[in-house]
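Peer 1: structure_6.txt (compact mmCIF, C-alpha atoms and all ligand atoms) pasted underneath:
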```txt
# COMPACT_ATOMS: atom_id res chain seq x y z
CA MET A 1440 -3.02 10.05 -0.80
CA LEU A 1441 -3.59 11.78 -4.14
CA SER A 1442 -4.85 15.09 -2.71
CA ASP A 1443 -4.54 18.02 -5.10
CA LYS A 1444 -3.18 15.85 -7.90
CA ARG A 1445 -4.65 16.48 -11.35
CA ILE A 1446 -5.00 13.29 -13.35
CA VAL A 1447 -6.15 13.03 -16.95
CA LEU A 1448 -7.86 9.65 -17.32
CA GLY A 1449 -7.75 8.58 -20.96
CA VAL A 1450 -10.13 5.85 -22.06
CA SER A 1451 -9.70 4.21 -25.46
CA GLY A 1452 -12.13 1.88 -27.19
CA GLY A 1453 -11.93 -1.64 -25.83
CA ILE A 1454 -14.29 -3.79 -23.80
CA ALA A 1455 -12.27 -3.00 -20.63
CA ALA A 1456 -13.45 0.64 -20.97
CA TYR A 1457 -16.17 -0.15 -18.43
CA LYS A 1458 -13.45 -0.63 -15.78
CA SER A 1459 -12.34 3.00 -16.25
CA VAL A 1460 -15.49 4.06 -14.38
CA GLU A 1461 -14.35 2.27 -11.21
CA ILE A 1462 -10.80 3.59 -11.68
CA SER A 1463 -12.15 7.14 -11.94
CA ARG A 1464 -14.26 6.74 -8.79
CA ARG A 1465 -11.31 5.34 -6.81
CA LEU A 1466 -8.99 8.16 -7.95
CA VAL A 1467 -11.57 10.75 -6.90
CA ASP A 1468 -12.01 8.95 -3.54
CA ALA A 1469 -8.25 9.16 -3.02
CA GLY A 1470 -8.45 12.96 -3.45
CA ALA A 1471 -7.41 13.39 -7.09
CA PHE A 1472 -9.01 15.80 -9.57
CA VAL A 1473 -9.89 13.57 -12.52
CA SER A 1474 -10.34 14.97 -16.05
CA PRO A 1475 -11.71 12.19 -18.25
CA VAL A 1476 -10.96 12.01 -21.98
CA MET A 1477 -12.58 9.39 -24.20
CA SER A 1478 -11.71 8.32 -27.71
CA SER A 1479 -14.65 8.09 -30.10
CA ALA A 1480 -14.45 4.27 -30.01
CA ALA A 1481 -14.61 4.33 -26.19
CA LYS A 1482 -18.04 5.98 -26.49
CA LYS A 1483 -19.31 2.79 -28.10
CA PHE A 1484 -18.47 0.84 -24.92
CA ILE A 1485 -19.54 3.20 -22.10
CA GLY A 1486 -21.73 6.27 -21.85
CA GLU A 1487 -20.12 9.68 -21.47
CA LEU A 1488 -22.59 10.45 -18.71
CA THR A 1489 -21.41 7.52 -16.57
CA LEU A 1490 -17.80 8.64 -16.63
CA SER A 1491 -18.70 12.33 -16.24
CA ALA A 1492 -20.79 11.55 -13.16
CA LEU A 1493 -17.93 9.75 -11.42
CA ALA A 1494 -15.04 12.01 -12.48
CA SER A 1495 -14.31 15.56 -11.30
CA GLU A 1496 -15.47 17.25 -14.49
CA PRO A 1497 -17.40 16.31 -17.64
CA VAL A 1498 -15.80 14.02 -20.19
CA LYS A 1499 -13.98 15.63 -23.09
CA THR A 1500 -14.03 13.75 -26.35
CA SER A 1501 -13.07 16.09 -29.16
CA LEU A 1502 -10.38 18.53 -30.21
CA TRP A 1503 -13.02 20.70 -31.84
CA GLU A 1504 -16.16 20.88 -29.74
CA ASP A 1505 -14.69 22.39 -26.57
CA GLU A 1506 -14.93 26.12 -25.70
CA ASP A 1507 -11.19 25.87 -25.19
CA PRO A 1508 -9.55 26.16 -28.63
CA ILE A 1509 -6.58 24.08 -27.50
CA PRO A 1510 -8.00 21.53 -24.99
CA HIS A 1511 -5.13 19.08 -25.50
CA THR A 1512 -2.41 21.51 -24.46
CA THR A 1513 -4.49 22.80 -21.54
CA LEU A 1514 -5.11 19.25 -20.30
CA GLY A 1515 -1.52 18.16 -20.90
CA GLN A 1516 0.05 21.20 -19.22
CA GLN A 1517 -2.17 21.09 -16.14
CA ALA A 1518 -1.86 17.36 -15.51
CA ASP A 1519 0.34 15.86 -12.79
CA LEU A 1520 -0.13 12.51 -14.50
CA ILE A 1521 -1.89 11.00 -17.50
CA LEU A 1522 -3.36 7.54 -17.04
CA VAL A 1523 -4.70 5.62 -20.02
CA ALA A 1524 -6.87 2.65 -19.04
CA PRO A 1525 -7.58 0.78 -21.17
CA ALA A 1526 -5.00 1.51 -23.85
CA THR A 1527 -5.82 -0.28 -27.14
CA ALA A 1528 -3.30 -1.41 -29.76
CA LYS A 1529 -4.37 1.55 -31.95
CA LEU A 1530 -3.84 4.10 -29.16
CA ILE A 1531 -0.44 2.57 -28.33
CA GLY A 1532 0.56 2.59 -32.02
CA ASN A 1533 -0.48 6.19 -32.60
CA TYR A 1534 1.23 7.38 -29.41
CA ALA A 1535 4.45 5.53 -30.24
CA ALA A 1536 4.41 6.94 -33.80
CA GLY A 1537 3.58 10.49 -32.67
CA ILE A 1538 0.26 10.60 -34.52
CA SER A 1539 -2.30 12.84 -32.86
CA GLY A 1540 -5.58 11.92 -34.48
CA ASP A 1541 -7.85 12.80 -31.55
CA LEU A 1542 -7.95 14.65 -28.23
CA LEU A 1543 -6.47 11.75 -26.23
CA THR A 1544 -3.43 11.16 -28.45
CA ALA A 1545 -2.95 14.94 -28.85
CA THR A 1546 -2.98 15.32 -25.05
CA LEU A 1547 -0.43 12.50 -24.69
CA LEU A 1548 1.88 14.23 -27.16
CA ALA A 1549 1.37 17.67 -25.63
CA THR A 1550 2.29 16.77 -22.05
CA LYS A 1551 5.48 16.68 -20.01
CA ALA A 1552 3.67 14.89 -17.15
CA PRO A 1553 4.40 11.22 -16.42
CA VAL A 1554 2.23 8.81 -18.40
CA VAL A 1555 0.91 5.47 -17.10
CA LEU A 1556 -0.44 3.22 -19.84
CA CYS A 1557 -2.56 0.13 -19.10
CA PRO A 1558 -2.88 -1.99 -22.26
CA ALA A 1559 -5.85 -4.33 -22.75
CA MET A 1560 -6.48 -6.38 -25.88
CA HIS A 1561 -6.70 -9.93 -27.18
CA THR A 1562 -3.64 -12.14 -26.55
CA GLU A 1563 -2.76 -12.39 -30.25
CA MET A 1564 -2.75 -8.60 -30.55
CA TRP A 1565 -0.75 -8.12 -27.34
CA GLU A 1566 1.86 -10.63 -28.53
CA HIS A 1567 2.10 -9.17 -32.05
CA GLN A 1568 5.59 -7.90 -32.77
CA ALA A 1569 4.24 -4.50 -33.87
CA VAL A 1570 2.50 -3.96 -30.53
CA GLN A 1571 5.49 -5.23 -28.55
CA ASP A 1572 7.83 -2.94 -30.51
CA ASN A 1573 5.56 0.03 -29.78
CA ILE A 1574 5.41 -0.91 -26.09
CA ASN A 1575 9.22 -1.15 -25.93
CA THR A 1576 9.57 2.23 -27.67
CA LEU A 1577 7.22 3.83 -25.15
CA ARG A 1578 8.98 2.16 -22.20
CA GLU A 1579 12.32 3.48 -23.48
CA ARG A 1580 10.79 6.98 -23.57
CA GLY A 1581 9.88 6.68 -19.90
CA VAL A 1582 6.21 5.73 -20.20
CA ILE A 1583 5.14 3.44 -17.36
CA ILE A 1584 3.45 0.34 -18.77
CA VAL A 1585 1.19 -1.63 -16.43
CA ASP A 1586 1.24 -5.03 -18.10
CA PRO A 1587 -2.06 -6.77 -18.83
CA GLU A 1588 -2.93 -9.88 -16.84
CA ASP A 1589 -3.84 -13.45 -17.73
CA GLY A 1590 -7.52 -14.31 -17.62
CA ILE A 1591 -10.80 -14.55 -19.49
CA LEU A 1592 -11.03 -12.12 -22.41
CA ALA A 1593 -14.01 -10.81 -24.37
CA GLY A 1594 -15.69 -13.67 -26.24
CA GLY A 1595 -14.65 -16.17 -23.56
CA ASP A 1596 -11.06 -16.66 -24.76
CA LEU A 1597 -8.38 -17.25 -22.16
CA GLY A 1598 -4.93 -15.64 -22.21
CA LYS A 1599 -2.83 -12.57 -21.49
CA GLY A 1600 -4.47 -9.26 -22.36
CA ARG A 1601 -6.94 -8.46 -19.55
CA LEU A 1602 -6.61 -4.97 -18.16
CA ALA A 1603 -4.48 -5.06 -14.97
CA GLY A 1604 -6.46 -5.08 -11.72
CA VAL A 1605 -7.75 -1.77 -10.38
CA GLU A 1606 -5.53 -2.06 -7.25
CA THR A 1607 -2.42 -2.62 -9.38
CA ILE A 1608 -3.27 0.37 -11.59
CA LEU A 1609 -3.91 2.60 -8.58
CA SER A 1610 -0.65 1.59 -6.85
CA ASN A 1611 1.29 2.42 -10.01
CA VAL A 1612 -0.34 5.85 -10.15
CA GLU A 1613 0.40 6.48 -6.49
CA LEU A 1614 3.97 5.25 -6.86
CA VAL A 1615 4.63 7.75 -9.66
CA LEU A 1616 3.04 10.66 -7.81
CA THR A 1617 4.49 10.10 -4.33
CA LYS A 1618 7.49 12.18 -3.27
CA LYS A 1619 10.47 9.89 -2.68
CA ASP A 1620 11.63 11.25 0.67
CA LEU A 1621 12.65 7.83 2.05
CA LEU A 1622 14.98 6.95 -0.81
CA ASN A 1623 18.07 4.91 0.21
CA LEU A 1624 16.54 3.95 3.56
CA LYS A 1625 16.02 0.31 4.52
CA ILE A 1626 12.95 -0.12 6.69
CA LEU A 1627 11.80 -3.22 8.58
CA VAL A 1628 8.13 -3.29 9.62
CA THR A 1629 6.55 -5.98 11.80
CA SER A 1630 2.82 -6.46 11.52
CA GLY A 1631 -0.15 -8.50 12.72
CA GLY A 1632 -0.76 -10.61 15.77
CA THR A 1633 1.35 -13.67 16.54
CA ARG A 1634 -0.10 -17.17 16.94
CA GLU A 1635 0.99 -19.17 19.96
CA PRO A 1636 0.19 -22.89 19.52
CA ILE A 1637 -1.65 -24.93 22.14
CA ASP A 1638 -1.66 -28.18 20.14
CA PRO A 1639 -1.37 -29.02 16.41
CA VAL A 1640 -4.79 -27.45 15.62
CA ARG A 1641 -5.29 -24.65 18.14
CA TYR A 1642 -3.51 -21.41 18.94
CA ILE A 1643 -3.88 -18.22 21.00
CA THR A 1644 -3.86 -14.94 19.15
CA ASN A 1645 -5.23 -11.39 19.50
CA ARG A 1646 -7.50 -9.03 17.57
CA SER A 1647 -4.74 -7.49 15.43
CA SER A 1648 -5.62 -7.39 11.71
CA GLY A 1649 -2.14 -6.32 10.58
CA LYS A 1650 -3.66 -3.38 8.66
CA GLN A 1651 -1.57 -0.66 10.34
CA GLY A 1652 1.65 -2.56 9.62
CA TYR A 1653 0.69 -3.20 5.99
CA ALA A 1654 -0.21 0.49 5.59
CA LEU A 1655 3.18 1.49 7.00
CA ALA A 1656 4.99 -0.91 4.67
CA GLU A 1657 3.01 0.32 1.66
CA ALA A 1658 3.46 4.02 2.49
CA ALA A 1659 7.21 3.54 3.04
CA PHE A 1660 7.53 1.72 -0.29
CA MET A 1661 5.61 4.48 -2.09
CA ARG A 1662 7.97 7.03 -0.52
CA GLY A 1663 11.01 5.25 -1.95
CA ALA A 1664 12.19 3.05 0.93
CA ASP A 1665 13.47 -0.50 0.59
CA VAL A 1666 10.88 -2.24 2.77
CA THR A 1667 10.79 -5.66 4.45
CA LEU A 1668 7.66 -6.79 6.25
CA VAL A 1669 7.76 -9.48 8.95
CA THR A 1670 4.29 -10.87 9.48
CA SER A 1671 2.21 -13.90 10.41
CA MET A 1672 -0.28 -12.98 7.64
CA PRO A 1673 1.81 -12.80 4.44
CA ASP A 1674 -1.15 -13.19 2.05
CA PHE A 1675 -2.23 -9.56 2.34
CA ALA A 1676 1.23 -8.00 1.99
CA PRO A 1677 1.35 -4.88 -0.20
CA VAL A 1678 3.08 -4.92 -3.60
CA GLY A 1679 6.73 -3.94 -3.76
CA VAL A 1680 7.48 -5.09 -0.24
CA LYS A 1681 9.69 -8.08 0.70
CA VAL A 1682 7.94 -10.44 3.07
CA LEU A 1683 9.36 -12.66 5.81
CA CYS A 1684 6.99 -14.97 7.68
CA ALA A 1685 6.93 -15.39 11.45
CA GLU A 1686 4.04 -17.10 13.24
CA THR A 1687 4.96 -17.02 16.88
CA ALA A 1688 6.55 -14.40 19.15
CA GLN A 1689 9.72 -16.52 19.23
CA GLU A 1690 9.84 -16.78 15.42
CA MET A 1691 9.28 -13.03 15.09
CA ASN A 1692 12.04 -12.47 17.63
CA ASP A 1693 14.42 -14.72 15.65
CA VAL A 1694 13.62 -13.23 12.22
CA VAL A 1695 13.86 -9.61 13.41
CA MET A 1696 16.99 -10.05 15.54
CA ARG A 1697 18.75 -11.99 12.75
CA ASN A 1698 18.09 -9.22 10.20
CA GLN A 1699 17.84 -5.98 12.18
CA GLU A 1700 21.49 -4.92 11.68
CA ASP A 1701 20.72 -4.32 7.98
CA PHE A 1702 18.00 -1.74 8.61
CA ASP A 1703 18.08 2.01 9.15
CA ILE A 1704 14.59 2.04 10.67
CA VAL A 1705 12.69 -0.70 12.52
CA ILE A 1706 8.97 -0.14 13.13
CA MET A 1707 7.42 -2.67 15.49
CA ALA A 1708 3.72 -2.46 14.64
CA ALA A 1709 3.12 -6.16 15.38
CA ALA A 1710 0.88 -7.04 18.29
CA ILE A 1711 3.23 -9.67 19.64
CA ALA A 1712 1.72 -12.02 22.21
CA ASP A 1713 2.85 -11.27 25.75
CA PHE A 1714 2.00 -14.82 26.85
CA ARG A 1715 2.30 -18.26 25.31
CA PRO A 1716 1.30 -21.74 26.51
CA GLU A 1717 4.16 -23.18 28.56
CA LEU A 1718 3.63 -26.64 27.04
CA ILE A 1719 2.54 -27.36 23.49
CA SER A 1720 0.73 -30.68 23.22
CA GLU A 1721 2.14 -32.87 20.44
CA GLN A 1722 -1.28 -34.40 19.87
CA LYS A 1723 -4.65 -32.70 19.56
CA ILE A 1724 -6.13 -32.29 23.06
CA LYS A 1725 -9.34 -34.35 23.18
CA LYS A 1726 -12.53 -32.73 24.45
CA ILE A 1727 -13.44 -35.97 26.18
CA LYS A 1728 -11.13 -34.87 29.02
CA GLY A 1729 -13.88 -32.36 29.92
CA SER A 1730 -11.39 -29.63 30.86
CA THR A 1731 -7.73 -28.86 30.46
CA ASP A 1732 -5.20 -26.68 32.26
CA LEU A 1733 -3.42 -24.09 30.17
CA LYS A 1734 -0.45 -22.49 31.89
CA LEU A 1735 0.72 -19.32 30.14
CA ILE A 1736 4.21 -17.90 30.48
CA ASN A 1737 5.68 -14.59 29.27
CA THR A 1738 7.22 -14.31 25.81
CA HIS A 1739 10.46 -12.39 25.49
CA ASP A 1740 10.03 -8.66 24.71
CA PHE A 1741 12.71 -8.29 22.05
CA LEU A 1742 11.87 -4.64 21.39
CA VAL A 1743 13.88 -4.01 24.56
CA ASP A 1744 16.87 -5.79 22.97
CA LEU A 1745 16.44 -3.76 19.78
CA GLY A 1746 16.32 -0.48 21.72
CA LYS A 1747 19.35 -1.28 23.88
CA GLY A 1748 21.48 -2.60 21.01
CA LYS A 1749 20.67 -0.03 18.34
CA ARG A 1750 23.36 1.57 16.19
CA PRO A 1751 23.69 5.38 16.43
CA SER A 1752 22.15 5.89 12.98
CA GLN A 1753 19.32 3.40 13.58
CA THR A 1754 15.79 4.54 14.46
CA ILE A 1755 13.68 2.15 16.55
CA VAL A 1756 9.94 2.75 16.71
CA GLY A 1757 7.58 0.87 19.03
CA PHE A 1758 3.82 0.82 19.39
CA ALA A 1759 1.84 1.08 22.61
CA ALA A 1760 -1.68 -0.36 22.63
CA GLU A 1761 -3.32 1.18 25.69
CA THR A 1762 -6.80 1.39 27.19
CA GLU A 1763 -6.01 4.07 29.80
CA ASP A 1764 -3.40 6.75 30.65
CA LEU A 1765 -2.29 6.76 27.00
CA GLU A 1766 0.57 9.24 27.09
CA SER A 1767 2.07 8.34 30.47
CA ASN A 1768 2.00 4.60 29.71
CA ALA A 1769 3.52 5.23 26.27
CA MET A 1770 6.23 7.50 27.71
CA GLU A 1771 7.12 4.79 30.25
CA LYS A 1772 7.49 2.22 27.41
CA LEU A 1773 9.55 4.69 25.31
CA LYS A 1774 12.06 5.05 28.17
CA ARG A 1775 12.07 1.44 29.40
CA LYS A 1776 12.60 0.10 25.87
CA HIS A 1777 15.16 2.81 24.83
CA LEU A 1778 13.08 3.78 21.77
CA ASP A 1779 13.40 6.81 19.50
CA LEU A 1780 9.64 7.02 18.97
CA ILE A 1781 6.54 5.34 20.30
CA VAL A 1782 3.17 5.30 18.54
CA ALA A 1783 0.42 5.22 21.15
CA ASN A 1784 -3.20 4.38 20.44
CA ASN A 1785 -6.14 4.03 22.80
CA VAL A 1786 -7.59 0.75 21.54
CA SER A 1787 -10.70 1.09 23.73
CA LEU A 1788 -12.05 3.91 21.50
CA PRO A 1789 -14.38 3.13 18.54
CA GLY A 1790 -12.54 3.18 15.21
CA VAL A 1791 -9.12 3.01 16.85
CA GLY A 1792 -6.56 0.24 16.39
CA PHE A 1793 -7.28 -3.49 16.13
CA SER A 1794 -9.37 -4.65 13.16
CA TYR A 1795 -10.56 -1.17 12.09
CA ASP A 1796 -9.48 0.52 8.84
CA THR A 1797 -8.92 3.68 10.85
CA ASN A 1798 -6.71 4.67 13.76
CA GLU A 1799 -5.91 7.68 15.95
CA VAL A 1800 -2.41 8.01 17.32
CA THR A 1801 -0.14 10.11 19.46
CA ILE A 1802 3.48 9.78 18.39
CA ILE A 1803 5.93 10.51 21.20
CA SER A 1804 9.68 11.04 21.25
CA GLU A 1805 11.86 12.06 24.23
CA ASP A 1806 11.07 15.74 23.60
CA SER A 1807 8.31 16.03 20.96
CA LYS A 1808 4.77 14.92 20.37
CA TRP A 1809 2.62 14.62 17.22
CA THR A 1810 -1.08 13.76 17.07
CA VAL A 1811 -2.80 12.28 14.03
CA PRO A 1812 -6.60 12.43 14.45
CA LEU A 1813 -8.96 9.58 13.54
CA SER A 1814 -8.14 8.74 9.89
CA ASP A 1815 -7.50 5.92 7.46
CA LYS A 1816 -4.53 3.78 8.50
CA ARG A 1817 -2.62 4.89 5.37
CA ILE A 1818 -2.84 8.53 6.49
CA ILE A 1819 -1.71 7.48 9.99
CA ALA A 1820 1.19 5.60 8.36
CA ASP A 1821 2.32 8.73 6.52
CA GLY A 1822 2.07 10.71 9.79
CA ILE A 1823 4.33 8.16 11.53
CA LEU A 1824 6.85 8.25 8.66
CA ASP A 1825 6.83 12.08 8.75
CA ALA A 1826 7.62 12.00 12.48
CA ILE A 1827 10.44 9.50 11.89
CA LEU A 1828 11.94 11.81 9.24
CA GLU A 1829 11.69 14.77 11.63
CA ILE A 1830 13.77 13.11 14.33
CA ARG A 1831 16.39 11.51 12.06
N1 LIG B 1 6.68 -6.20 21.80
C1 LIG B 1 7.76 -7.01 21.56
N2 LIG B 1 7.82 -8.27 22.07
C2 LIG B 1 6.84 -8.72 22.88
C3 LIG B 1 5.73 -7.88 23.17
C4 LIG B 1 5.69 -6.62 22.60
O1 LIG B 1 8.68 -6.61 20.83
N3 LIG B 1 6.94 -9.92 23.37
C5 LIG B 1 6.61 -4.84 21.19
C6 LIG B 1 5.41 -4.59 20.29
O2 LIG B 1 5.71 -4.92 18.95
C7 LIG B 1 5.15 -3.11 20.45
C8 LIG B 1 5.68 -2.81 21.84
O3 LIG B 1 6.47 -3.92 22.25
O4 LIG B 1 5.89 -2.33 19.54
C9 LIG B 1 4.64 -2.52 22.90
O5 LIG B 1 3.68 -3.53 22.96
P1 LIG B 1 2.44 -3.42 23.95
O6 LIG B 1 1.66 -4.70 23.88
O7 LIG B 1 1.72 -2.13 23.77
O8 LIG B 1 3.15 -3.29 25.36
P2 LIG B 1 3.85 -4.27 26.30
O9 LIG B 1 5.28 -3.82 26.40
O10 LIG B 1 3.63 -5.67 25.85
O11 LIG B 1 3.16 -3.95 27.69
P3 LIG B 1 1.62 -4.19 28.17
O12 LIG B 1 1.05 -5.28 27.30
O13 LIG B 1 1.78 -4.56 29.57
O14 LIG B 1 0.94 -2.86 27.98
```
Would you mind giving the structure from this file in structure tokens?

Peer 2:
Amino acid sequence: MLSDKRIVLGVSGGIAAYKSVEISRRLVDAGAFVSPVMSSAAKKFIGELTLSALASEPVKTSLWEDEDPIPHTTLGQQADLILVAPATAKLIGNYAAGISGDLLTATLLATKAPVVLCPAMHTEMWEHQAVQDNINTLRERGVIIVDPEDGILAGGDLGKGRLAGVETILSNVELVLTKKDLLNLKILVTSGGTREPIDPVRYITNRSSGKQGYALAEAAFMRGADVTLVTSMPDFAPVGVKVLCAETAQEMNDVVMRNQEDFDIVIMAAAIADFRPELISEQKIKKIKGSTDLKLINTHDFLVDLGKGKRPSQTIVGFAAETEDLESNAMEKLKRKHLDLIVANNVSLPGVGFSYDTNEVTIISEDSKWTVPLSDKRIIADGILDAILEIR
């Protein structure tokens, strides 16, 4: 997701400096080229070697010891983004006042790249008017501030000031660096399996983890869309996305059909149950009966309604989970359900579809076809969104 992006990771001297090591590793894993810069105080908290080993190049710490006579301008000019995590009160103060006492502050002042600052300090310091004034000044200048969180601080104190979580920091970085090619589009994504109740404690479901739907919602949000996710598993929903809950096929039908008019694009990634128990027992069915009959009846396939009723400017995307004849089965569903695109995956292959973090898909329209080989579901999500943009 961050392929070919050059990120300067600035680390200033606070106890949260140890978390910069994990941040660096995750940025590198996501494809970024990470140039670490440490303040001299940061060196008291973590070893240079640790950060160097997990970044893309050795740590730089000084304006004077580098072969490059002007390391701050080189770093600042080459960067696509500068991330400072953690940012101490001193670093924030110097940056706001334009004081370049070391390589990190000099790099911050010498760059035109976007800057993401993640403050971490004791609650009293964070709440001090001087720090808040500096934060407001930086915000007004366009610096992205990832607010600290509540929690246990160094010394066992409790309060606001903990460095934001790694996931939150990474999503902010990705949000800044992602091209906004879905701006002004409203996208509805359904995700996860539905749960069809048998009695008050039991239900029928399927192997869907919801991961492909979440990845689609997250990717669309990063690319600038206004995203709503309809899911039976709201707890894992990505940041920035509006969530509507729907447990059963009927509830998903009702929520989607009630709202669909508002959306430019509807992506039906949910694995909606095709069958549900005809009768739902009001009381828990007792095992003492020895056996029980469970008659299943079809749920309504509302993707057909969506396809038939779509507005001319609306794009309707379905999924096809197949175990054989992938493309012909998917093409049949595309036509029968009047879809613009269908995303077909062969869920009998290892690493593909349900419960995996990876997927492999063939995306089919009336007259085109795109294949995305076995990859992380986020990469698949971007491939699907690319195909949608191509046909719109
Ligand atoms: N779908 C739906 N309502 C249902 C069942 C499925 O809207 N009651 C949607 C799914 O969200 C998916 C698409 O239909 O986008 C295809 O689902 P899939 O299970 O692959 O195919 P089915 O049409 O159910 O056919 P079959 O199970 O026989 O392959």

Peer 1: Per residue of chain A within 9 Å of ligand LIG 1 (chain B), record the nearest atom pair and its distance in Å to one decimal, counting only C-alpha atoms and all ligand atoms, with rows in chain order and ascending residue number, as a tab-separated table.

Peer 2:
```
residue	atom	partner	partner_atom	distance
A:Thr1629	CA	B:LIG1	O2	7.3
A:Ser1630	CA	B:LIG1	O2	8.1
A:Ala1688	CA	B:LIG1	N3	6.2
A:Gln1689	CA	B:LIG1	N3	8.3
A:Met1691	CA	B:LIG1	N2	8.6
A:Asn1692	CA	B:LIG1	N2	7.4
A:Ile1706	CA	B:LIG1	O4	7.4
A:Met1707	CA	B:LIG1	O4	4.3
A:Ala1708	CA	B:LIG1	O2	5.3
A:Ala1709	CA	B:LIG1	O2	4.6
A:Ala1710	CA	B:LIG1	O2	5.3
A:Ile1711	CA	B:LIG1	C3	4.7
A:Ala1712	CA	B:LIG1	N3	5.7
A:Asp1713	CA	B:LIG1	N3	4.9
A:Phe1714	CA	B:LIG1	N3	7.8
A:Asn1737	CA	B:LIG1	N3	7.6
A:Thr1738	CA	B:LIG1	N3	5.0
A:His1739	CA	B:LIG1	N3	4.8
A:Asp1740	CA	B:LIG1	N2	3.5
A:Phe1741	CA	B:LIG1	O1	4.5
A:Leu1742	CA	B:LIG1	O1	3.8
A:Val1743	CA	B:LIG1	O1	6.9
A:Asp1744	CA	B:LIG1	O1	8.5
A:Leu1745	CA	B:LIG1	O1	8.3
A:Val1756	CA	B:LIG1	O4	7.1
A:Gly1757	CA	B:LIG1	O4	3.7
A:Phe1758	CA	B:LIG1	O4	3.8
A:Ala1759	CA	B:LIG1	O7	3.4
A:Ala1760	CA	B:LIG1	O7	4.0
A:Glu1761	CA	B:LIG1	O14	6.3
A:Thr1762	CA	B:LIG1	O14	8.9
A:Asn1768	CA	B:LIG1	O14	7.7
A:Ala1769	CA	B:LIG1	O7	8.0
A:Lys1772	CA	B:LIG1	O9	6.5
A:Lys1776	CA	B:LIG1	O3	8.2
A:Ile1781	CA	B:LIG1	O4	7.7
A:Val1782	CA	B:LIG1	O4	8.2
A:Ala1783	CA	B:LIG1	O7	7.9
A:Asn1784	CA	B:LIG1	O7	8.8
```

Peer 1: Which residue gives the smallest distance to Ala1559 (chain A) among A:Leu1602, A:Leu1614, A:Leu1609, A:Leu1493, with all atoms listed in the file counted?

Peer 2: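 For Ala1559 (chain A), the nearest of the candidates is A:Leu1602.
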
Peer 1: Excluding region 1808-1821 of chain A and residues on its chain fewer than 4 positions from it, collect all residues at most 9 Å away from it, counting all atoms listed in the file, and give them as a PDB file with C-alpha atoms, in the coordinates of the input.

Peer 2:
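After the write, selection.pdb holds the following:
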```
ATOM      1  CA  MET A1440      -3.020  10.050  -0.800  1.00  0.00           C
ATOM      2  CA  LYS A1650      -3.660  -3.380   8.660  1.00  0.00           C
ATOM      3  CA  GLN A1651      -1.570  -0.660  10.340  1.00  0.00           C
ATOM      4  CA  GLY A1652       1.650  -2.560   9.620  1.00  0.00           C
ATOM      5  CA  TYR A1653       0.690  -3.200   5.990  1.00  0.00           C
ATOM      6  CA  ALA A1654      -0.210   0.490   5.590  1.00  0.00           C
ATOM      7  CA  LEU A1655       3.180   1.490   7.000  1.00  0.00           C
ATOM      8  CA  ALA A1656       4.990  -0.910   4.670  1.00  0.00           C
ATOM      9  CA  GLU A1657       3.010   0.320   1.660  1.00  0.00           C
ATOM     10  CA  ALA A1658       3.460   4.020   2.490  1.00  0.00           C
ATOM     11  CA  ALA A1659       7.210   3.540   3.040  1.00  0.00           C
ATOM     12  CA  GLY A1790     -12.540   3.180  15.210  1.00  0.00           C
ATOM     13  CA  VAL A1791      -9.120   3.010  16.850  1.00  0.00           C
ATOM     14  CA  GLY A1792      -6.560   0.240  16.390  1.00  0.00           C
ATOM     15  CA  TYR A1795     -10.560  -1.170  12.090  1.00  0.00           C
ATOM     16  CA  ASP A1796      -9.480   0.520   8.840  1.00  0.00           C
ATOM     17  CA  THR A1797      -8.920   3.680  10.850  1.00  0.00           C
ATOM     18  CA  ASN A1798      -6.710   4.670  13.760  1.00  0.00           C
ATOM     19  CA  GLU A1799      -5.910   7.680  15.950  1.00  0.00           C
ATOM     20  CA  VAL A1800      -2.410   8.010  17.320  1.00  0.00           C
ATOM     21  CA  THR A1801      -0.140  10.110  19.460  1.00  0.00           C
ATOM     22  CA  ILE A1802       3.480   9.780  18.390  1.00  0.00           C
ATOM     23  CA  ILE A1803       5.930  10.510  21.200  1.00  0.00           C
ATOM     24  CA  SER A1804       9.680  11.040  21.250  1.00  0.00           C
ATOM     25  CA  ASP A1825       6.830  12.080   8.750  1.00  0.00           C
ATOM     26  CA  ALA A1826       7.620  12.000  12.480  1.00  0.00           C
TER      27      ALA A1826
END
```

Peer 1: For a quick check of your reading of the model, name the residues lying within 12 Å of the coordinate (-5.6, -9.1, -20.5), counting only C-alpha atoms, and write them as an MDAnalysis selection string.

Peer 2: chainID A and resid 1453:1455 1524:1527 1557:1566 1585:1593 1595:1604

Peer 1: Rounded to one decimal, what separation in Å do you get between CA of Val1705 (chain A) and CA of Thr1667 (chain A)?

Peer 2: 9.7 Å

Peer 1: For the atom pair CA of Ala1481 (chain A) and CA of Ile1531 (chain A), what is the interatomic distance in Å to one decimal place?

Peer 2: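 Pair CA of Ala1481 (chain A) / CA of Ile1531 (chain A) returns 14.4 Å.
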
Peer 1: With distances taken over all atoms listed in the file, which of A:Phe1793, A:Leu1542, A:Asn1698, A:Glu1805 is nearest to Trp1503 (chain A)?

Peer 2: A:Leu1542

Peer 1: Between CA of Ala1471 (chain A) and CA of Leu1441 (chain A), what is the distance in Å, rounded to a tenth?

Peer 2: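 Between CA of Ala1471 (chain A) and CA of Leu1441 (chain A) the gap works out to 5.1 Å.
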